[in-house]
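Data block for protein.csv (CSV, C-alpha atoms):
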```
chain,number,residue,atom,x,y,z
A,1,MET,CA,-13.6,15.8,-64.4
A,2,SER,CA,-11.3,17.5,-62.0
A,3,GLN,CA,-8.8,15.5,-59.8
A,4,ALA,CA,-10.8,16.4,-56.7
A,5,GLY,CA,-14.0,15.2,-58.4
A,6,CYS,CA,-12.4,11.9,-59.2
A,7,TRP,CA,-11.4,11.3,-55.6
A,8,ARG,CA,-15.0,12.1,-54.5
A,9,TRP,CA,-16.4,9.7,-57.0
A,10,LEU,CA,-14.0,6.9,-55.9
A,11,ALA,CA,-14.9,7.5,-52.3
A,12,LEU,CA,-18.6,7.2,-53.1
A,13,LEU,CA,-18.0,3.9,-55.0
A,14,ALA,CA,-16.0,2.5,-52.0
A,15,ALA,CA,-18.8,3.4,-49.6
A,16,ALA,CA,-21.4,1.8,-51.8
A,17,ALA,CA,-19.4,-1.4,-52.1
A,18,GLY,CA,-19.1,-1.5,-48.3
A,19,CYS,CA,-22.8,-1.3,-47.9
A,20,ASP,CA,-23.3,-4.6,-49.8
A,21,GLY,CA,-21.5,-6.7,-47.1
A,22,PRO,CA,-22.9,-7.6,-43.7
A,23,ALA,CA,-22.7,-5.1,-40.9
A,24,PRO,CA,-19.8,-5.7,-38.5
A,25,GLU,CA,-20.7,-7.5,-35.2
A,26,PRO,CA,-20.5,-5.1,-32.2
A,27,GLU,CA,-17.7,-6.0,-29.8
A,28,SER,CA,-19.1,-7.4,-26.5
A,29,ALA,CA,-17.8,-5.8,-23.3
A,30,PRO,CA,-15.8,-8.0,-21.1
A,31,PRO,CA,-17.7,-9.3,-18.0
A,32,SER,CA,-17.2,-7.2,-14.9
A,33,PRO,CA,-15.2,-9.0,-12.2
A,34,ALA,CA,-17.1,-10.2,-9.1
A,35,ALA,CA,-17.2,-7.7,-6.3
A,36,ILE,CA,-15.5,-8.3,-3.0
A,37,GLY,CA,-17.8,-10.5,-0.9
A,38,GLU,CA,-20.3,-11.2,-3.7
A,39,HIS,CA,-20.1,-15.0,-3.1
A,40,PHE,CA,-19.1,-15.0,0.6
A,41,ASP,CA,-20.6,-17.8,2.6
A,42,PRO,CA,-20.5,-17.2,6.3
A,43,ALA,CA,-21.8,-20.8,7.0
A,44,THR,CA,-18.5,-22.4,6.0
A,45,VAL,CA,-15.8,-20.0,7.3
A,46,GLY,CA,-12.8,-20.7,9.6
A,47,SER,CA,-10.1,-18.5,11.0
A,48,VAL,CA,-6.4,-18.2,11.4
A,49,SER,CA,-4.6,-16.5,14.3
A,50,GLY,CA,-1.1,-16.4,15.8
A,51,ARG,CA,1.6,-14.4,17.3
A,52,VAL,CA,4.6,-12.8,15.4
A,53,THR,CA,7.9,-12.8,17.2
A,54,TRP,CA,11.4,-11.5,16.3
A,55,ASP,CA,14.1,-14.0,15.3
A,56,GLY,CA,17.7,-13.0,16.0
A,57,PRO,CA,19.3,-10.1,17.9
A,58,ILE,CA,17.1,-7.1,18.5
A,59,PRO,CA,18.5,-4.2,16.4
A,60,SER,CA,18.9,-0.6,17.4
A,61,PHE,CA,19.0,2.4,15.3
A,62,ALA,CA,20.1,6.0,16.1
A,63,GLN,CA,17.8,8.9,15.5
A,64,VAL,CA,18.2,10.8,12.2
A,65,LEU,CA,20.2,14.1,12.6
A,66,ALA,CA,19.0,16.2,9.7
A,67,PRO,CA,19.4,19.8,8.6
A,68,VAL,CA,16.3,21.9,8.5
A,69,PHE,CA,16.5,25.1,6.5
A,70,LEU,CA,14.8,28.1,8.2
A,71,SER,CA,14.5,31.8,7.4
A,72,THR,CA,17.0,32.4,10.1
A,73,GLY,CA,19.5,29.8,8.9
A,74,VAL,CA,20.1,26.0,9.1
A,75,GLU,CA,19.1,24.1,12.3
A,76,GLN,CA,20.0,20.5,13.1
A,77,ARG,CA,17.1,18.4,14.3
A,78,ARG,CA,16.6,14.8,15.4
A,79,TYR,CA,13.9,12.6,14.0
A,80,PRO,CA,12.8,9.0,14.6
A,81,HIS,CA,14.6,6.6,12.3
A,82,PRO,CA,12.1,5.2,9.7
A,83,ASN,CA,11.0,1.6,9.8
A,84,VAL,CA,12.4,0.7,13.2
A,85,PRO,CA,10.7,-2.5,14.3
A,86,ASP,CA,8.6,-2.3,17.5
A,87,ILE,CA,9.8,-5.3,19.5
A,88,ASP,CA,9.0,-6.2,23.1
A,89,PRO,CA,12.5,-6.9,24.6
A,90,GLN,CA,11.0,-9.4,27.1
A,91,THR,CA,8.7,-11.4,24.9
A,92,ARG,CA,10.2,-10.6,21.5
A,93,ALA,CA,6.7,-9.9,20.2
A,94,VAL,CA,6.6,-7.7,17.1
A,95,ARG,CA,4.0,-4.9,17.0
A,96,GLY,CA,2.8,-3.5,13.7
A,97,ALA,CA,3.7,-6.4,11.4
A,98,VAL,CA,1.4,-7.0,8.4
A,99,VAL,CA,-0.2,-10.5,8.2
A,100,TYR,CA,-2.3,-11.4,5.2
A,101,LEU,CA,-3.5,-14.2,3.1
A,102,ASP,CA,-2.5,-14.8,-0.5
A,103,GLY,CA,-4.6,-16.8,-2.9
A,104,ILE,CA,-8.0,-15.6,-1.7
A,105,GLU,CA,-10.6,-15.2,-4.5
A,106,PRO,CA,-12.1,-11.7,-4.0
A,107,SER,CA,-15.7,-12.8,-4.5
A,108,ARG,CA,-15.3,-15.4,-1.7
A,109,SER,CA,-13.8,-12.9,0.7
A,110,ARG,CA,-15.8,-11.4,3.5
A,111,PRO,CA,-17.0,-7.9,2.6
A,112,TRP,CA,-14.5,-5.2,3.1
A,113,ASP,CA,-14.5,-4.2,6.8
A,114,HIS,CA,-11.4,-2.1,7.3
A,115,ALA,CA,-11.9,1.5,8.5
A,116,PRO,CA,-11.2,4.3,6.0
A,117,ILE,CA,-7.8,5.8,6.4
A,118,ARG,CA,-6.3,9.3,6.1
A,119,VAL,CA,-2.7,10.0,5.4
A,120,GLN,CA,-1.3,12.9,7.4
A,121,VAL,CA,2.1,14.5,6.7
A,122,HIS,CA,4.0,16.0,9.6
A,123,GLU,CA,7.5,17.4,10.0
A,124,ASP,CA,8.7,14.3,11.7
A,125,ARG,CA,6.7,11.5,10.1
A,126,ILE,CA,4.0,10.3,7.8
A,127,ALA,CA,1.0,9.1,9.8
A,128,ILE,CA,-1.6,6.7,8.6
A,129,MET,CA,-4.8,7.4,10.6
A,130,ARG,CA,-7.7,5.0,11.1
A,131,GLY,CA,-10.0,7.2,13.2
A,132,ASN,CA,-7.8,8.2,16.1
A,133,VAL,CA,-5.5,5.2,15.7
A,134,GLU,CA,-2.1,6.0,14.2
A,135,SER,CA,0.2,3.7,12.3
A,136,ARG,CA,2.8,3.8,9.5
A,137,ILE,CA,0.9,1.1,7.5
A,138,GLY,CA,-2.6,1.1,6.2
A,139,PHE,CA,-5.0,-1.0,4.2
A,140,VAL,CA,-7.0,0.3,1.3
A,141,CYS,CA,-9.7,-1.4,-0.7
A,142,CYS,CA,-8.8,-1.5,-4.4
A,143,SER,CA,-10.4,1.5,-6.3
A,144,ASP,CA,-11.1,3.4,-3.1
A,145,ARG,CA,-10.3,7.1,-2.7
A,146,VAL,CA,-7.8,8.1,-0.1
A,147,GLU,CA,-7.4,11.5,1.5
A,148,PHE,CA,-3.9,13.0,2.0
A,149,VAL,CA,-3.3,16.1,4.0
A,150,SER,CA,-0.4,18.1,5.5
A,151,LYS,CA,-0.5,19.0,9.2
A,152,ASP,CA,2.6,21.2,9.1
A,153,ALA,CA,3.3,24.8,8.0
A,154,ALA,CA,6.4,23.7,6.0
A,155,ILE,CA,6.1,22.8,2.3
A,156,HIS,CA,5.7,19.1,1.9
A,157,VAL,CA,5.7,17.0,-1.3
A,158,LEU,CA,4.5,13.4,-0.8
A,159,SER,CA,5.9,10.8,-3.2
A,160,ALA,CA,4.1,7.5,-4.0
A,161,ARG,CA,5.9,4.6,-5.6
A,162,GLY,CA,5.1,0.9,-6.3
A,163,ALA,CA,1.5,0.0,-7.0
A,164,ALA,CA,0.8,3.8,-7.5
A,165,PHE,CA,3.1,6.4,-8.8
A,166,PHE,CA,2.4,10.1,-8.2
A,167,GLY,CA,3.5,13.2,-6.3
A,168,LEU,CA,1.3,15.5,-4.2
A,169,PRO,CA,2.6,19.0,-3.2
A,170,PHE,CA,1.2,20.6,-0.1
A,171,PRO,CA,2.0,24.3,0.0
A,172,ASP,CA,-0.5,24.9,2.9
A,173,PRO,CA,-1.6,22.8,5.9
A,174,ASP,CA,-5.1,21.3,6.3
A,175,ARG,CA,-6.0,21.4,2.6
A,176,PRO,CA,-6.6,17.8,1.8
A,177,LEU,CA,-6.0,16.2,-1.6
A,178,ARG,CA,-7.5,12.9,-2.8
A,179,ARG,CA,-6.3,10.0,-5.0
A,180,THR,CA,-8.0,6.8,-6.1
A,181,LEU,CA,-5.8,3.8,-5.8
A,182,GLU,CA,-6.8,1.3,-8.5
A,183,ARG,CA,-4.1,-1.3,-8.7
A,184,PRO,CA,-3.6,-3.9,-5.9
A,185,GLY,CA,-0.2,-4.0,-4.3
A,186,LEU,CA,2.2,-2.1,-2.0
A,187,VAL,CA,2.4,1.7,-2.2
A,188,ASP,CA,5.6,3.2,-0.7
A,189,LEU,CA,5.1,6.7,0.6
A,190,SER,CA,8.0,9.0,1.2
A,191,SER,CA,9.0,12.7,0.8
A,192,ALA,CA,10.0,14.3,-2.4
A,193,ALA,CA,11.0,17.5,-0.5
A,194,GLY,CA,14.2,16.1,1.1
A,195,LYS,CA,12.7,14.8,4.3
A,196,TYR,CA,14.3,11.4,4.0
A,197,TRP,CA,13.1,10.3,7.4
A,198,HIS,CA,9.6,10.1,6.1
A,199,ARG,CA,8.2,6.6,5.3
A,200,ALA,CA,4.8,4.9,5.4
A,201,TYR,CA,3.1,2.2,3.4
A,202,LEU,CA,-0.3,1.4,2.0
A,203,PHE,CA,-1.5,-2.1,1.0
A,204,VAL,CA,-4.1,-1.8,-1.7
A,205,ALA,CA,-6.1,-5.0,-1.5
A,206,SER,CA,-8.7,-6.9,-3.4
A,207,HIS,CA,-9.8,-8.9,-0.3
A,208,SER,CA,-10.2,-8.2,3.4
A,209,TYR,CA,-7.8,-10.6,5.0
A,210,TYR,CA,-5.1,-8.2,6.2
A,211,ALA,CA,-4.2,-7.4,9.8
A,212,LEU,CA,-1.6,-5.5,11.9
A,213,THR,CA,-0.2,-7.3,14.9
A,214,ASP,CA,-1.0,-5.7,18.3
A,215,ALA,CA,1.4,-4.9,21.2
A,216,ASP,CA,1.7,-8.6,22.0
A,217,GLY,CA,2.4,-9.5,18.4
A,218,ARG,CA,-1.0,-11.2,18.0
A,219,PHE,CA,-3.4,-11.2,15.1
A,220,THR,CA,-6.6,-12.9,13.9
A,221,LEU,CA,-8.0,-13.2,10.4
A,222,ASP,CA,-11.7,-14.1,10.9
A,223,ASN,CA,-14.3,-15.4,8.5
A,224,VAL,CA,-11.9,-17.1,6.1
A,225,PRO,CA,-13.6,-19.3,3.4
A,226,PRO,CA,-12.3,-22.9,3.4
A,227,GLY,CA,-9.3,-23.6,1.1
A,228,GLU,CA,-5.6,-23.7,0.8
A,229,TYR,CA,-3.7,-20.4,0.9
A,230,THR,CA,-0.4,-18.8,1.7
A,231,LEU,CA,-0.2,-16.9,4.9
A,232,LYS,CA,2.4,-14.1,4.7
A,233,CYS,CA,4.0,-11.8,7.3
A,234,TRP,CA,5.6,-8.5,6.1
A,235,LEU,CA,7.7,-5.9,8.0
A,236,PRO,CA,9.5,-3.0,6.5
A,237,ASN,CA,13.3,-3.0,6.9
A,238,ALA,CA,15.0,-0.2,8.8
A,239,THR,CA,18.4,-1.0,7.4
A,240,VAL,CA,19.5,1.7,4.9
A,241,GLU,CA,21.3,0.2,1.9
A,242,ARG,CA,22.1,3.5,0.2
A,243,ASN,CA,21.1,7.1,0.0
A,244,GLU,CA,19.8,9.1,-3.0
A,245,ARG,CA,21.5,12.5,-3.0
A,246,ASP,CA,21.1,15.8,-4.7
A,247,PRO,CA,23.7,16.0,-7.4
A,248,ASN,CA,24.4,19.7,-6.8
A,249,THR,CA,24.5,19.9,-3.0
A,250,GLY,CA,25.2,16.3,-2.0
A,251,LEU,CA,22.4,16.4,0.6
A,252,ILE,CA,20.4,13.2,1.2
A,253,LEU,CA,17.1,13.2,-0.6
A,254,ARG,CA,15.8,9.7,0.2
A,255,PHE,CA,16.8,6.6,2.1
A,256,VAL,CA,16.8,3.4,0.1
A,257,HIS,CA,16.0,0.6,2.5
A,258,ALA,CA,17.0,-3.1,2.4
A,259,PRO,CA,14.3,-5.5,1.2
A,260,PRO,CA,11.4,-6.0,3.6
A,261,LEU,CA,11.5,-8.8,6.2
A,262,GLU,CA,9.1,-11.5,5.1
A,263,TRP,CA,7.8,-14.9,6.2
A,264,SER,CA,5.3,-17.2,4.5
A,265,GLN,CA,3.7,-20.6,5.1
A,266,SER,CA,1.1,-22.7,3.2
A,267,ILE,CA,-2.0,-23.3,5.3
A,268,LEU,CA,-5.2,-25.2,4.9
A,269,ILE,CA,-8.4,-23.7,6.3
A,270,PRO,CA,-11.0,-26.5,6.8
A,271,VAL,CA,-14.7,-25.7,7.1
A,272,GLY,CA,-15.3,-24.0,10.4
A,273,ALA,CA,-11.8,-24.7,11.7
A,274,ARG,CA,-9.6,-22.5,13.8
A,275,THR,CA,-6.0,-22.6,12.6
A,276,SER,CA,-3.0,-21.3,14.7
A,277,VAL,CA,0.5,-20.3,13.4
A,278,ALA,CA,3.6,-18.7,14.8
A,279,PRO,CA,5.4,-16.4,12.3
A,280,ARG,CA,8.9,-15.3,13.0
A,281,VAL,CA,10.6,-12.4,11.2
A,282,GLY,CA,14.1,-10.9,11.6
A,283,ASN,CA,17.4,-9.9,9.9
```

structure tokens encoding of this file:
Amino acid sequence: MSQAGCWRWLALLAAAAGCDGPAPEPESAPPSPAAIGEHFDPATVGSVSGRVTWDGPIPSFAQVLAPVFLSTGVEQRRYPHPNVPDIDPQTRAVRGAVVYLDGIEPSRSRPWDHAPIRVQVHEDRIAIMRGNVESRIGFVCCSDRVEFVSKDAAIHVLSARGAAFFGLPFPDPDRPLRRTLERPGLVDLSSAAGKYWHRAYLFVASHSYYALTDADGRFTLDNVPPGEYTLKCWLPNATVERNERDPNTGLILRFVHAPPLEWSQSILIPVGARTSVAPRVGN
């Protein structure tokens, strides 16, 4: 018998030997996690509300003076400094701070009720749009799809870091691209095309208890299931720790900001109770 024939014969023997044993048990698929709001009970909920104020001297930041390369040459333009806090000088109220609960079981959360967002890239900023309302911070339900679009004739490249990592090139305006954000956490949006004054943020969440403070620094988180949680307040830091530069030209490519300004407190939400807090953030 040839060598090839021997190998075929041995393979048949091995297969026949395997048929004598019990068939392997099929692997069971892991159970699917409960959906947001699946076990929400509106009969027992409470709420937490408050007002975020600034602690310490109110900072000031000069506008960014940046070179813009045009077909006719280089032009110096001024842009808003990213992450500058919006503080009322009289009341010290902080507008646009993120307040959220940590420790919420997604299935006990109220159903997701934040409006869909659209990320728009402009020459001077990245805008997070909820309908006609603009912010630099948005909330996205985990595994939802987000639309990104350039509103400017210049070539933009959007960079995402953190809970999502990708780059989106926009050679033309008003041609949207879409990405599904699957991992909960903070997504830091900036420019990968040298527009270092660009900055915006997306919180990808597995529950609904996120809010942005209004012009008076106030917020309310309604329909919270009873329990003990951590209430957190988050604000991006405008202080630039260092710059990332192009090794060939020395031009700034990206601001690296100091760690965000944060505050947290353990809170107990009894059945049907209204809880009040007074977060303070600052340098």

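Computed from the coordinates, the CA of Arg178 (chain A) to CA of Phe148 (chain A) distance equals 6.0 Å.
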
Please return as a PyMOL selection string every residue within 9 Å of (-1.1, -11.3, 6.3), taking into account only C-alpha atoms and the file's own coordinates. chain A and resi 97-102+209-212+221+230-234+264

Interatomic distance (Å, one decimal) between CA of Asn243 (chain A) and CA of Val256 (chain A):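 Going from CA of Asn243 (chain A) over to CA of Val256 (chain A), I get 5.7 Å.
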
Quote the spacing between CA of Cys142 (chain A) and CA of Gly103 (chain A) in Å to one decimal place.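 A separation of 15.9 Å between them.
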
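Compared by their closest atoms to Ser135 (chain A), and using all atoms listed in the file, the residues A:Gly96, A:Gly162, A:Gly282, A:Pro67 rank with A:Gly96 nearest.
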
Polymer residues at most 6 Å from region 79-86 of chain A, only C-alpha atoms, same-chain spacing of 5 or more positions, as number ranges by chain: A: 63-64, 94-95, 124, 197, 236-238

Using only C-alpha atoms, which residues sit within 8 Å of Arg108 (chain A) once same-chain residues fewer than 6 positions away are excluded, as a list in words?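 The contact residues come out as Ile36, Gly37, Glu38, His39, Phe40, Asp41 and Pro225 of chain A.
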
Of the candidates A:Ser49, A:Arg125, A:Gly167, A:Pro57, which one gets nearest to His198 (chain A) if we count only C-alpha atoms? A:Arg125

Using all atoms listed in the file, pick whichever of A:Arg254, A:Arg145, A:Arg280, A:Arg118 has the shortest atom-to-atom distance to Asn132 (chain A).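 Among A:Arg254, A:Arg145, A:Arg280, A:Arg118, it is A:Arg118 that comes nearest to Asn132 (chain A).
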
How would you write as number ranges by chain the residues that get within 8 Å of (-0.3, 16.3, -3.8) in the file's frame, counting only C-alpha atoms? A: 148, 157-158, 167-170, 177

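For the choices A:Thr220, A:Pro42, A:Ala160, A:Gln76, the atom-to-atom distance to Gly272 (chain A) is smallest for A:Pro42 when using all atoms listed in the file.
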
Check the smallest atom-to-atom distance from each of A:Leu181, A:Ile104, A:Ala200, A:Val146 to Ser159 (chain A) using all atoms listed in the file, then report the winner. A:Ala200

Repair of region 137-169 of chain A at the level of N, CA and C atoms, as an mmCIF file, keeping the file's coordinate frame:
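Dumped everything to out_12.cif:
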```cif
data_model
loop_
_atom_site.group_PDB
_atom_site.id
_atom_site.type_symbol
_atom_site.label_atom_id
_atom_site.label_comp_id
_atom_site.auth_asym_id
_atom_site.auth_seq_id
_atom_site.Cartn_x
_atom_site.Cartn_y
_atom_site.Cartn_z
ATOM 1 N N ILE A 137 1.393 1.998 8.575
ATOM 2 C CA ILE A 137 0.900 1.100 7.500
ATOM 3 C C ILE A 137 -0.592 1.098 7.543
ATOM 4 N N GLY A 138 -1.187 1.132 6.344
ATOM 5 C CA GLY A 138 -2.600 1.100 6.200
ATOM 6 C C GLY A 138 -3.110 0.221 5.125
ATOM 7 N N PHE A 139 -4.400 -0.151 5.183
ATOM 8 C CA PHE A 139 -5.000 -1.000 4.200
ATOM 9 C C PHE A 139 -6.125 -0.269 3.467
ATOM 10 N N VAL A 140 -6.107 -0.378 2.133
ATOM 11 C CA VAL A 140 -7.000 0.300 1.300
ATOM 12 C C VAL A 140 -7.702 -0.652 0.342
ATOM 13 N N CYS A 141 -9.016 -0.588 0.227
ATOM 14 C CA CYS A 141 -9.700 -1.400 -0.700
ATOM 15 C C CYS A 141 -9.420 -0.921 -2.150
ATOM 16 N N CYS A 142 -9.136 -1.854 -3.041
ATOM 17 C CA CYS A 142 -8.800 -1.500 -4.400
ATOM 18 C C CYS A 142 -9.919 -0.627 -5.030
ATOM 19 N N SER A 143 -9.530 0.470 -5.660
ATOM 20 C CA SER A 143 -10.400 1.500 -6.300
ATOM 21 C C SER A 143 -11.041 2.422 -5.307
ATOM 22 N N ASP A 144 -10.649 2.385 -4.035
ATOM 23 C CA ASP A 144 -11.100 3.400 -3.100
ATOM 24 C C ASP A 144 -10.317 4.653 -3.163
ATOM 25 N N ARG A 145 -10.940 5.746 -2.708
ATOM 26 C CA ARG A 145 -10.300 7.100 -2.700
ATOM 27 C C ARG A 145 -9.688 7.309 -1.335
ATOM 28 N N VAL A 146 -8.462 7.828 -1.306
ATOM 29 C CA VAL A 146 -7.800 8.100 -0.100
ATOM 30 C C VAL A 146 -7.493 9.587 0.059
ATOM 31 N N GLU A 147 -7.646 10.092 1.276
ATOM 32 C CA GLU A 147 -7.400 11.500 1.500
ATOM 33 C C GLU A 147 -5.999 11.699 2.090
ATOM 34 N N PHE A 148 -5.266 12.668 1.544
ATOM 35 C CA PHE A 148 -3.900 13.000 2.000
ATOM 36 C C PHE A 148 -3.936 14.477 2.420
ATOM 37 N N VAL A 149 -3.270 14.778 3.543
ATOM 38 C CA VAL A 149 -3.300 16.100 4.000
ATOM 39 C C VAL A 149 -1.980 16.434 4.788
ATOM 40 N N SER A 150 -1.501 17.654 4.673
ATOM 41 C CA SER A 150 -0.400 18.100 5.500
ATOM 42 C C SER A 150 -0.852 18.748 6.747
ATOM 43 N N LYS A 151 -0.180 18.427 7.853
ATOM 44 C CA LYS A 151 -0.500 19.000 9.200
ATOM 45 C C LYS A 151 0.567 19.945 9.629
ATOM 46 N N ASP A 152 1.403 20.401 8.716
ATOM 47 C CA ASP A 152 2.600 21.200 9.100
ATOM 48 C C ASP A 152 2.665 22.422 8.207
ATOM 49 N N ALA A 153 3.205 23.502 8.757
ATOM 50 C CA ALA A 153 3.300 24.800 8.000
ATOM 51 C C ALA A 153 4.378 24.700 6.917
ATOM 52 N N ALA A 154 5.339 23.788 7.041
ATOM 53 C CA ALA A 154 6.400 23.700 6.000
ATOM 54 C C ALA A 154 5.816 23.111 4.725
ATOM 55 N N ILE A 155 6.500 23.380 3.613
ATOM 56 C CA ILE A 155 6.100 22.800 2.300
ATOM 57 C C ILE A 155 6.473 21.368 2.251
ATOM 58 N N HIS A 156 5.490 20.502 1.996
ATOM 59 C CA HIS A 156 5.700 19.100 1.900
ATOM 60 C C HIS A 156 5.350 18.624 0.452
ATOM 61 N N VAL A 157 6.068 17.623 -0.047
ATOM 62 C CA VAL A 157 5.700 17.000 -1.300
ATOM 63 C C VAL A 157 5.738 15.456 -1.008
ATOM 64 N N LEU A 158 4.587 14.814 -1.111
ATOM 65 C CA LEU A 158 4.500 13.400 -0.800
ATOM 66 C C LEU A 158 4.720 12.608 -2.124
ATOM 67 N N SER A 159 5.590 11.601 -2.040
ATOM 68 C CA SER A 159 5.900 10.800 -3.200
ATOM 69 C C SER A 159 5.330 9.369 -2.978
ATOM 70 N N ALA A 160 4.656 8.836 -4.009
ATOM 71 C CA ALA A 160 4.100 7.500 -4.000
ATOM 72 C C ALA A 160 4.800 6.659 -5.067
ATOM 73 N N ARG A 161 5.294 5.485 -4.682
ATOM 74 C CA ARG A 161 5.900 4.600 -5.600
ATOM 75 C C ARG A 161 5.380 3.180 -5.421
ATOM 76 N N GLY A 162 5.559 2.323 -6.443
ATOM 77 C CA GLY A 162 5.100 0.900 -6.300
ATOM 78 C C GLY A 162 3.808 0.748 -7.083
ATOM 79 N N ALA A 163 2.759 0.272 -6.396
ATOM 80 C CA ALA A 163 1.500 0.000 -7.000
ATOM 81 C C ALA A 163 0.783 1.298 -7.481
ATOM 82 N N ALA A 164 1.239 2.441 -6.984
ATOM 83 C CA ALA A 164 0.800 3.800 -7.500
ATOM 84 C C ALA A 164 1.992 4.653 -7.589
ATOM 85 N N PHE A 165 1.941 5.561 -8.550
ATOM 86 C CA PHE A 165 3.100 6.400 -8.800
ATOM 87 C C PHE A 165 2.577 7.850 -9.021
ATOM 88 N N PHE A 166 2.800 8.708 -8.029
ATOM 89 C CA PHE A 166 2.400 10.100 -8.200
ATOM 90 C C PHE A 166 3.099 10.936 -7.113
ATOM 91 N N GLY A 167 2.988 12.256 -7.254
ATOM 92 C CA GLY A 167 3.500 13.200 -6.300
ATOM 93 C C GLY A 167 2.425 14.195 -5.910
ATOM 94 N N LEU A 168 2.339 14.519 -4.616
ATOM 95 C CA LEU A 168 1.300 15.500 -4.200
ATOM 96 C C LEU A 168 2.025 16.616 -3.414
ATOM 97 N N PRO A 169 1.987 17.838 -3.951
ATOM 98 C CA PRO A 169 2.600 19.000 -3.200
ATOM 99 C C PRO A 169 1.555 19.576 -2.260
#
```
